[in-house]
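Q: The following block contains the structure, expressed as structure tokens.
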Amino acid sequence: MSSHNHSRRTVLKGLLASGCALCFPRAIVAATDKLSKTQAQYQGQPKGEQKCANCRNFVPPNSCTVVEGSISPEGWCVLWSPKG
């Protein structure tokens with residue numbers, strides 16, 4: 001393995017830091033492990049009308065397809081995507 005090879009998690013961290021992951025969250029996360037709450041900038045309260053309960057990634061009662069750990073239906077993260 002050369003020094004130019006990066007793990008998917010390392011690449012994803014860079015994309016999240018630059019904001020690019022917001023453009024392609026489903027494609028990026030599908031190719032990686034779940035993100036930590038810190039990486040996803042998860043918070044336990046909604047951001048306006050955006051909350052986990054109305055996000056396509058939320059799995060009732062308290063899980064998420066892209067963020068690890070227990071997730072509140074009233075929470076929010078940068079990977080929020082409307083159900084539709």
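Chain labels A, B, ... are given in the sequence in which chains occur in the structure tokens; within each chain residues are numbered consecutively from 1, and ligands are likewise numbered from 1 in the order shown.
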Excluding Lys47 in chain A and residues on its chain fewer than 4 positions from it, collect all residues at most 9 Å away from it, counting only C-alpha atoms, and give them as a ChimeraX atom specification.
A: /A:43,51,75-77
Q: Find, counting only C-alpha atoms, the residue in A:Asn57, A:Ser70, A:Ser81, A:Asn62 that gets nearest to Lys37 in chain A.
A: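 The answer is A:Ser70, which sits nearest to Lys37 in chain A.
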Q: Would you please work out which residue, of A:Ser72, A:Val78, A:Lys83, A:Cys64, is nearest to Lys34 in chain A when using only C-alpha atoms?
A: A:Cys64
Q: Find the residues around Gly84 in chain A up to 10 Å (only C-alpha atoms counted), leave out those fewer than 3 positions away in its own chain, and share them as a list of chain:residue names.
A: A:Asn54, A:Cys55, A:Arg56, A:Ser81
